[in-house]
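my_file12.pdb follows (PDB, N, CA and C atoms):
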```
ATOM      1  N   MET A   1      -4.198   4.622  14.577
ATOM      2  CA  MET A   1      -5.466   4.659  13.857
ATOM      3  C   MET A   1      -5.387   5.599  12.651
ATOM      4  N   PHE A   2      -4.637   6.705  12.796
ATOM      5  CA  PHE A   2      -4.509   7.653  11.694
ATOM      6  C   PHE A   2      -3.845   6.987  10.497
ATOM      7  N   HIS A   3      -2.850   6.139  10.764
ATOM      8  CA  HIS A   3      -2.153   5.407   9.702
ATOM      9  C   HIS A   3      -3.138   4.534   8.921
ATOM     10  N   ILE A   4      -3.981   3.826   9.616
ATOM     11  CA  ILE A   4      -4.970   2.960   8.954
ATOM     12  C   ILE A   4      -5.961   3.803   8.163
ATOM     13  N   PHE A   5      -6.382   4.914   8.725
ATOM     14  CA  PHE A   5      -7.295   5.830   8.023
ATOM     15  C   PHE A   5      -6.676   6.301   6.703
ATOM     16  N   LEU A   6      -5.385   6.594   6.712
ATOM     17  CA  LEU A   6      -4.702   7.033   5.489
ATOM     18  C   LEU A   6      -4.705   5.959   4.409
ATOM     19  N   HIS A   7      -4.676   4.680   4.823
ATOM     20  CA  HIS A   7      -4.710   3.583   3.860
ATOM     21  C   HIS A   7      -6.047   3.538   3.104
ATOM     22  N   PHE A   8      -7.075   4.130   3.663
ATOM     23  CA  PHE A   8      -8.360   4.234   2.973
ATOM     24  C   PHE A   8      -8.490   5.567   2.231
ATOM     25  N   LEU A   9      -8.019   6.631   2.861
ATOM     26  CA  LEU A   9      -8.194   7.980   2.316
ATOM     27  C   LEU A   9      -7.325   8.263   1.090
ATOM     28  N   VAL A  10      -6.047   7.963   1.163
ATOM     29  CA  VAL A  10      -5.135   8.294   0.065
ATOM     30  C   VAL A  10      -5.543   7.585  -1.229
ATOM     31  N   PRO A  11      -5.835   6.274  -1.209
ATOM     32  CA  PRO A  11      -6.307   5.650  -2.456
ATOM     33  C   PRO A  11      -7.614   6.260  -2.963
ATOM     34  N   ALA A  12      -8.483   6.680  -2.060
ATOM     35  CA  ALA A  12      -9.733   7.317  -2.485
ATOM     36  C   ALA A  12      -9.442   8.631  -3.207
ATOM     37  N   ILE A  13      -8.502   9.385  -2.691
ATOM     38  CA  ILE A  13      -8.125  10.649  -3.336
ATOM     39  C   ILE A  13      -7.493  10.385  -4.700
ATOM     40  N   VAL A  14      -6.603   9.406  -4.774
ATOM     41  CA  VAL A  14      -5.956   9.063  -6.052
ATOM     42  C   VAL A  14      -7.004   8.587  -7.055
ATOM     43  N   ALA A  15      -7.926   7.748  -6.616
ATOM     44  CA  ALA A  15      -8.988   7.269  -7.507
ATOM     45  C   ALA A  15      -9.845   8.432  -7.997
ATOM     46  N   PHE A  16     -10.146   9.353  -7.107
ATOM     47  CA  PHE A  16     -10.965  10.506  -7.481
ATOM     48  C   PHE A  16     -10.233  11.403  -8.483
ATOM     49  N   LEU A  17      -8.952  11.611  -8.272
ATOM     50  CA  LEU A  17      -8.195  12.516  -9.133
ATOM     51  C   LEU A  17      -7.834  11.918 -10.495
ATOM     52  N   PHE A  18      -7.516  10.619 -10.514
ATOM     53  CA  PHE A  18      -6.958  10.029 -11.734
ATOM     54  C   PHE A  18      -7.816   8.945 -12.379
ATOM     55  N   TYR A  19      -8.789   8.425 -11.654
ATOM     56  CA  TYR A  19      -9.602   7.318 -12.167
ATOM     57  C   TYR A  19     -11.091   7.601 -11.977
ATOM     58  N   ARG A  20     -11.518   8.795 -12.312
ATOM     59  CA  ARG A  20     -12.911   9.190 -12.060
ATOM     60  C   ARG A  20     -13.924   8.310 -12.768
ATOM     61  N   LYS A  21     -13.618   7.869 -13.978
ATOM     62  CA  LYS A  21     -14.574   7.043 -14.725
ATOM     63  C   LYS A  21     -14.795   5.689 -14.063
ATOM     64  N   THR A  22     -13.786   5.214 -13.384
ATOM     65  CA  THR A  22     -13.872   3.918 -12.709
ATOM     66  C   THR A  22     -13.550   4.084 -11.225
ATOM     67  N   LEU A  23     -14.080   5.123 -10.636
ATOM     68  CA  LEU A  23     -13.741   5.513  -9.267
ATOM     69  C   LEU A  23     -13.890   4.372  -8.264
ATOM     70  N   LEU A  24     -15.065   3.800  -8.168
ATOM     71  CA  LEU A  24     -15.310   2.758  -7.164
ATOM     72  C   LEU A  24     -14.466   1.524  -7.440
ATOM     73  N   LYS A  25     -14.426   1.092  -8.688
ATOM     74  CA  LYS A  25     -13.635  -0.093  -9.049
ATOM     75  C   LYS A  25     -12.159   0.126  -8.723
ATOM     76  N   SER A  26     -11.644   1.288  -9.090
ATOM     77  CA  SER A  26     -10.235   1.589  -8.839
ATOM     78  C   SER A  26      -9.932   1.629  -7.342
ATOM     79  N   TRP A  27     -10.826   2.257  -6.581
ATOM     80  CA  TRP A  27     -10.615   2.325  -5.139
ATOM     81  C   TRP A  27     -10.664   0.931  -4.510
ATOM     82  N   LEU A  28     -11.603   0.105  -4.953
ATOM     83  CA  LEU A  28     -11.707  -1.255  -4.403
ATOM     84  C   LEU A  28     -10.481  -2.096  -4.736
ATOM     85  N   ILE A  29      -9.944  -1.930  -5.934
ATOM     86  CA  ILE A  29      -8.717  -2.660  -6.288
ATOM     87  C   ILE A  29      -7.571  -2.212  -5.384
ATOM     88  N   MET A  30      -7.467  -0.905  -5.176
ATOM     89  CA  MET A  30      -6.409  -0.414  -4.292
ATOM     90  C   MET A  30      -6.620  -0.890  -2.855
ATOM     91  N   MET A  31      -7.870  -1.016  -2.433
ATOM     92  CA  MET A  31      -8.140  -1.546  -1.096
ATOM     93  C   MET A  31      -7.734  -3.018  -1.009
ATOM     94  N   ALA A  32      -7.913  -3.749  -2.093
ATOM     95  CA  ALA A  32      -7.539  -5.163  -2.111
ATOM     96  C   ALA A  32      -6.029  -5.342  -1.951
ATOM     97  N   THR A  33      -5.261  -4.338  -2.362
ATOM     98  CA  THR A  33      -3.808  -4.459  -2.225
ATOM     99  C   THR A  33      -3.369  -4.409  -0.760
ATOM    100  N   MET A  34      -4.282  -4.052   0.119
ATOM    101  CA  MET A  34      -3.933  -4.073   1.542
ATOM    102  C   MET A  34      -3.726  -5.499   2.043
ATOM    103  N   ALA A  35      -4.058  -6.474   1.207
ATOM    104  CA  ALA A  35      -3.812  -7.874   1.562
ATOM    105  C   ALA A  35      -2.321  -8.152   1.748
ATOM    106  N   VAL A  36      -1.444  -7.268   1.258
ATOM    107  CA  VAL A  36      -0.011  -7.475   1.482
ATOM    108  C   VAL A  36       0.313  -7.451   2.970
ATOM    109  N   ASP A  37      -0.563  -6.910   3.776
ATOM    110  CA  ASP A  37      -0.328  -6.900   5.218
ATOM    111  C   ASP A  37      -0.499  -8.272   5.858
ATOM    112  N   LEU A  38      -0.935  -9.246   5.080
ATOM    113  CA  LEU A  38      -1.029 -10.606   5.625
ATOM    114  C   LEU A  38       0.342 -11.139   6.039
ATOM    115  N   ASP A  39       1.402 -10.583   5.459
ATOM    116  CA  ASP A  39       2.737 -11.042   5.848
ATOM    117  C   ASP A  39       3.077 -10.662   7.290
ATOM    118  N   HIS A  40       2.297  -9.774   7.876
ATOM    119  CA  HIS A  40       2.495  -9.443   9.286
ATOM    120  C   HIS A  40       2.198 -10.648  10.170
ATOM    121  N   LEU A  41       1.391 -11.568   9.674
ATOM    122  CA  LEU A  41       1.053 -12.765  10.454
ATOM    123  C   LEU A  41       2.255 -13.686  10.638
ATOM    124  N   LEU A  42       3.299 -13.493   9.841
ATOM    125  CA  LEU A  42       4.505 -14.315   9.950
ATOM    126  C   LEU A  42       5.456 -13.818  11.034
ATOM    127  N   ALA A  43       5.228 -12.609  11.525
ATOM    128  CA  ALA A  43       6.126 -12.000  12.510
ATOM    129  C   ALA A  43       5.714 -12.360  13.928
ATOM    130  N   VAL A  44       6.718 -12.354  14.800
ATOM    131  CA  VAL A  44       6.475 -12.564  16.226
ATOM    132  C   VAL A  44       7.092 -11.389  16.958
ATOM    133  N   PRO A  45       6.311 -10.594  17.646
ATOM    134  CA  PRO A  45       4.856 -10.593  17.721
ATOM    135  C   PRO A  45       4.261 -10.091  16.399
ATOM    136  N   ILE A  46       3.006 -10.423  16.170
ATOM    137  CA  ILE A  46       2.334 -10.037  14.932
ATOM    138  C   ILE A  46       2.342  -8.516  14.780
ATOM    139  N   TYR A  47       2.065  -7.806  15.844
ATOM    140  CA  TYR A  47       2.060  -6.340  15.785
ATOM    141  C   TYR A  47       3.042  -5.780  16.799
ATOM    142  N   ASP A  48       3.942  -4.980  16.317
ATOM    143  CA  ASP A  48       4.881  -4.274  17.186
ATOM    144  C   ASP A  48       4.877  -2.812  16.749
ATOM    145  N   PRO A  49       4.345  -1.920  17.570
ATOM    146  CA  PRO A  49       4.224  -0.516  17.163
ATOM    147  C   PRO A  49       5.562   0.161  16.886
ATOM    148  N   ASN A  50       6.644  -0.409  17.366
ATOM    149  CA  ASN A  50       7.968   0.184  17.167
ATOM    150  C   ASN A  50       8.727  -0.419  15.987
ATOM    151  N   ARG A  51       8.111  -1.348  15.279
ATOM    152  CA  ARG A  51       8.781  -2.022  14.169
ATOM    153  C   ARG A  51       8.398  -1.356  12.850
ATOM    154  N   CYS A  52       9.373  -1.147  12.009
ATOM    155  CA  CYS A  52       9.130  -0.619  10.669
ATOM    156  C   CYS A  52       8.856  -1.803   9.740
ATOM    157  N   SER A  53       7.728  -1.777   9.069
ATOM    158  CA  SER A  53       7.347  -2.878   8.182
ATOM    159  C   SER A  53       8.272  -2.986   6.974
ATOM    160  N   ILE A  54       8.729  -1.851   6.482
ATOM    161  CA  ILE A  54       9.556  -1.835   5.276
ATOM    162  C   ILE A  54      10.893  -2.515   5.570
ATOM    163  N   GLY A  55      11.184  -3.523   4.764
ATOM    164  CA  GLY A  55      12.423  -4.259   4.931
ATOM    165  C   GLY A  55      12.350  -5.368   5.972
ATOM    166  N   TYR A  56      11.245  -5.458   6.687
ATOM    167  CA  TYR A  56      11.119  -6.489   7.719
ATOM    168  C   TYR A  56      10.236  -7.645   7.251
ATOM    169  N   HIS A  57       9.068  -7.343   6.762
ATOM    170  CA  HIS A  57       8.131  -8.366   6.312
ATOM    171  C   HIS A  57       8.418  -8.709   4.849
ATOM    172  N   PRO A  58       8.188  -9.973   4.441
ATOM    173  CA  PRO A  58       8.519 -10.392   3.072
ATOM    174  C   PRO A  58       7.841  -9.564   1.975
ATOM    175  N   LEU A  59       6.564  -9.259   2.119
ATOM    176  CA  LEU A  59       5.867  -8.492   1.088
ATOM    177  C   LEU A  59       6.108  -6.990   1.213
ATOM    178  N   HIS A  60       6.923  -6.615   2.199
ATOM    179  CA  HIS A  60       7.331  -5.222   2.376
ATOM    180  C   HIS A  60       8.844  -5.082   2.163
ATOM    181  N   SER A  61       9.440  -6.101   1.543
ATOM    182  CA  SER A  61      10.883  -6.074   1.292
ATOM    183  C   SER A  61      11.191  -5.147   0.124
ATOM    184  N   TYR A  62      12.440  -4.763   0.029
ATOM    185  CA  TYR A  62      12.843  -3.874  -1.065
ATOM    186  C   TYR A  62      12.696  -4.566  -2.417
ATOM    187  N   TYR A  63      12.897  -5.871  -2.472
ATOM    188  CA  TYR A  63      12.690  -6.623  -3.717
ATOM    189  C   TYR A  63      11.222  -6.583  -4.136
ATOM    190  N   ALA A  64      10.342  -6.809  -3.177
ATOM    191  CA  ALA A  64       8.903  -6.772  -3.465
ATOM    192  C   ALA A  64       8.487  -5.376  -3.913
ATOM    193  N   ILE A  65       9.007  -4.352  -3.256
ATOM    194  CA  ILE A  65       8.666  -2.977  -3.624
ATOM    195  C   ILE A  65       9.130  -2.693  -5.053
ATOM    196  N   GLY A  66      10.281  -3.221  -5.430
ATOM    197  CA  GLY A  66      10.759  -3.079  -6.802
ATOM    198  C   GLY A  66       9.786  -3.691  -7.799
ATOM    199  N   LEU A  67       9.237  -4.847  -7.458
ATOM    200  CA  LEU A  67       8.234  -5.484  -8.321
ATOM    201  C   LEU A  67       6.962  -4.643  -8.402
ATOM    202  N   TYR A  68       6.578  -4.042  -7.289
ATOM    203  CA  TYR A  68       5.382  -3.199  -7.277
ATOM    204  C   TYR A  68       5.565  -1.990  -8.194
ATOM    205  N   VAL A  69       6.766  -1.440  -8.198
ATOM    206  CA  VAL A  69       7.051  -0.303  -9.081
ATOM    207  C   VAL A  69       6.989  -0.736 -10.541
ATOM    208  N   ILE A  70       7.489  -1.916 -10.843
ATOM    209  CA  ILE A  70       7.429  -2.433 -12.219
ATOM    210  C   ILE A  70       5.985  -2.549 -12.692
ATOM    211  N   LEU A  71       5.064  -2.910 -11.793
ATOM    212  CA  LEU A  71       3.647  -3.021 -12.156
ATOM    213  C   LEU A  71       3.079  -1.708 -12.687
ATOM    214  N   LEU A  72       3.666  -0.604 -12.300
ATOM    215  CA  LEU A  72       3.188   0.711 -12.738
ATOM    216  C   LEU A  72       3.367   0.934 -14.240
ATOM    217  N   PHE A  73       4.292   0.210 -14.860
ATOM    218  CA  PHE A  73       4.618   0.433 -16.261
ATOM    219  C   PHE A  73       3.703  -0.297 -17.237
ATOM    220  N   PHE A  74       2.834  -1.162 -16.731
ATOM    221  CA  PHE A  74       1.952  -1.937 -17.593
ATOM    222  C   PHE A  74       0.495  -1.549 -17.327
ATOM    223  N   PRO A  75      -0.225  -1.141 -18.350
ATOM    224  CA  PRO A  75      -1.604  -0.667 -18.152
ATOM    225  C   PRO A  75      -2.511  -1.662 -17.415
ATOM    226  N   LYS A  76      -2.351  -2.953 -17.676
ATOM    227  CA  LYS A  76      -3.242  -3.937 -17.046
ATOM    228  C   LYS A  76      -2.961  -4.132 -15.559
ATOM    229  N   THR A  77      -1.773  -3.789 -15.124
ATOM    230  CA  THR A  77      -1.432  -3.973 -13.711
ATOM    231  C   THR A  77      -1.207  -2.646 -12.995
ATOM    232  N   ARG A  78      -1.382  -1.553 -13.701
ATOM    233  CA  ARG A  78      -1.039  -0.234 -13.145
ATOM    234  C   ARG A  78      -1.808   0.085 -11.865
ATOM    235  N   ILE A  79      -3.110  -0.139 -11.833
ATOM    236  CA  ILE A  79      -3.892   0.235 -10.655
ATOM    237  C   ILE A  79      -3.489  -0.601  -9.434
ATOM    238  N   VAL A  80      -3.133  -1.859  -9.651
ATOM    239  CA  VAL A  80      -2.629  -2.697  -8.556
ATOM    240  C   VAL A  80      -1.289  -2.137  -8.080
ATOM    241  N   GLY A  81      -0.439  -1.773  -9.026
ATOM    242  CA  GLY A  81       0.846  -1.180  -8.678
ATOM    243  C   GLY A  81       0.686   0.120  -7.919
ATOM    244  N   VAL A  82      -0.253   0.936  -8.342
ATOM    245  CA  VAL A  82      -0.515   2.207  -7.648
ATOM    246  C   VAL A  82      -0.926   1.927  -6.207
ATOM    247  N   GLY A  83      -1.844   0.985  -6.013
ATOM    248  CA  GLY A  83      -2.288   0.646  -4.663
ATOM    249  C   GLY A  83      -1.155   0.133  -3.787
ATOM    250  N   LEU A  84      -0.316  -0.733  -4.359
ATOM    251  CA  LEU A  84       0.802  -1.288  -3.588
ATOM    252  C   LEU A  84       1.853  -0.225  -3.269
ATOM    253  N   VAL A  85       2.148   0.618  -4.229
ATOM    254  CA  VAL A  85       3.153   1.665  -3.986
ATOM    255  C   VAL A  85       2.632   2.670  -2.952
ATOM    256  N   ILE A  86       1.372   3.041  -3.047
ATOM    257  CA  ILE A  86       0.786   3.926  -2.029
ATOM    258  C   ILE A  86       0.908   3.280  -0.652
ATOM    259  N   HIS A  87       0.580   2.011  -0.580
ATOM    260  CA  HIS A  87       0.651   1.283   0.692
ATOM    261  C   HIS A  87       2.070   1.318   1.251
ATOM    262  N   MET A  88       3.051   1.064   0.398
ATOM    263  CA  MET A  88       4.445   1.044   0.860
ATOM    264  C   MET A  88       4.908   2.434   1.290
ATOM    265  N   ILE A  89       4.497   3.459   0.565
ATOM    266  CA  ILE A  89       4.867   4.828   0.942
ATOM    267  C   ILE A  89       4.279   5.172   2.310
ATOM    268  N   LEU A  90       3.013   4.820   2.515
ATOM    269  CA  LEU A  90       2.381   5.115   3.806
ATOM    270  C   LEU A  90       3.042   4.327   4.933
ATOM    271  N   ASP A  91       3.397   3.073   4.668
ATOM    272  CA  ASP A  91       4.087   2.286   5.686
ATOM    273  C   ASP A  91       5.476   2.863   5.967
ATOM    274  N   TYR A  92       6.154   3.338   4.927
ATOM    275  CA  TYR A  92       7.469   3.948   5.103
ATOM    276  C   TYR A  92       7.365   5.218   5.948
ATOM    277  N   LEU A  93       6.362   6.033   5.666
ATOM    278  CA  LEU A  93       6.161   7.251   6.460
ATOM    279  C   LEU A  93       5.861   6.918   7.913
ATOM    280  N   ASP A  94       5.164   5.799   8.122
ATOM    281  CA  ASP A  94       4.838   5.376   9.486
ATOM    282  C   ASP A  94       6.098   5.020  10.271
ATOM    283  N   CYS A  95       7.171   4.655   9.575
ATOM    284  CA  CYS A  95       8.423   4.315  10.255
ATOM    285  C   CYS A  95       9.019   5.520  10.985
ATOM    286  N   PHE A  96       8.620   6.714  10.590
ATOM    287  CA  PHE A  96       9.165   7.918  11.206
ATOM    288  C   PHE A  96       8.246   8.505  12.279
ATOM    289  N   MET A  97       7.061   7.930  12.424
ATOM    290  CA  MET A  97       6.104   8.463  13.405
ATOM    291  C   MET A  97       6.328   7.849  14.768
TER     292      MET A  97
END
```
Would you give me this structure, written as structure tokens?
Amino acid sequence: MFHIFLHFLVPAIVAFLFYRKTLLKSWLIMMATMAVDLDHLLAVPIYDPNRCSIGYHPLHSYYAIGLYVILLFFPKTRIVGVGLVIHMILDYLDCFM
């Protein structure tokens, strides 16, 4: 549950610190990036507490993460990239818990 809570809290903190003028919009966009977890529906079993998402699910692959980082370099896609990279970092940290 703490992991899921972080997926809401960390983007809120980032939005507050770096996107104050568009706080709610920025936070909602970052929340929308949680849709990358839909790739968990392709796994059997769908949820395995001992499985690391990074490198296992298609939208959590190293290639996909590389694309998410590229999004950071373009102003129009930066906030989406920030949300996706935050998501991947939190999922990566979860691999050690």
Quiz prompt | Residue nearest Leu28 (chain A) - candidates A:Cys52, A:Ile70, A:Ile4, A:Leu9, atoms counted: only C-alpha atoms | solution =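 Comparing A:Cys52, A:Ile70, A:Ile4, A:Leu9 against Leu28 (chain A), the winner is A:Leu9.
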6 Å per side around region 46-57 of chain A: axis-aligned box centre and edge lengths, as AutoDock Vina command-line options:
```
--center_x 7.2 --center_y -5.1 --center_z 11.2 --size_x 22.4 --size_y 22.6 --size_z 24.8
```
Sort by chain and increasing residue number a table of all residues of region 49-71 of chain A within 8 Å of region 76-88 of chain A, each with its closest pair of atoms and their distance in Å to one decimal, counting only N, CA and C atoms, and write it as CSV.
```
residue,atom,partner,partner_atom,distance
A:Ile54,CA,A:Met88,CA,7.3
A:His60,CA,A:Met88,CA,7.1
A:Ile65,CA,A:Val85,CA,7.2
A:Leu67,C,A:Gly81,CA,7.0
A:Tyr68,C,A:Gly81,CA,4.8
A:Val69,N,A:Gly81,CA,5.9
A:Ile70,C,A:Gly81,CA,6.7
A:Leu71,C,A:Arg78,CA,4.4
```
Quiz item: Looking at only N, CA and C atoms, which of A:Cys95, A:Met31, A:Ile89, A:Met1 is the one that sits closest to Asn50 (chain A)?
Solution: A:Cys95
Quiz prompt | Residue contacts of Ala15 (chain A) (9 Å, only C-alpha atoms) excluding same-chain residues fewer than 2 positions away, as number ranges by chain | solution = A: 10-13, 17-20, 22-27, 30
Quiz item: Restricting the calculation to only C-alpha atoms, which member of A:Phe2, A:Phe8, A:Pro75, A:Ile46 is positioned closest to Ala32 (chain A)?
Solution: A:Phe8
Practice problem: Quote the spacing between CA of Ile29 (chain A) and CA of Ala43 (chain A) in Å to one decimal place. | Solution: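 We find that CA of Ile29 (chain A) and CA of Ala43 (chain A) lie 25.7 Å from each other.
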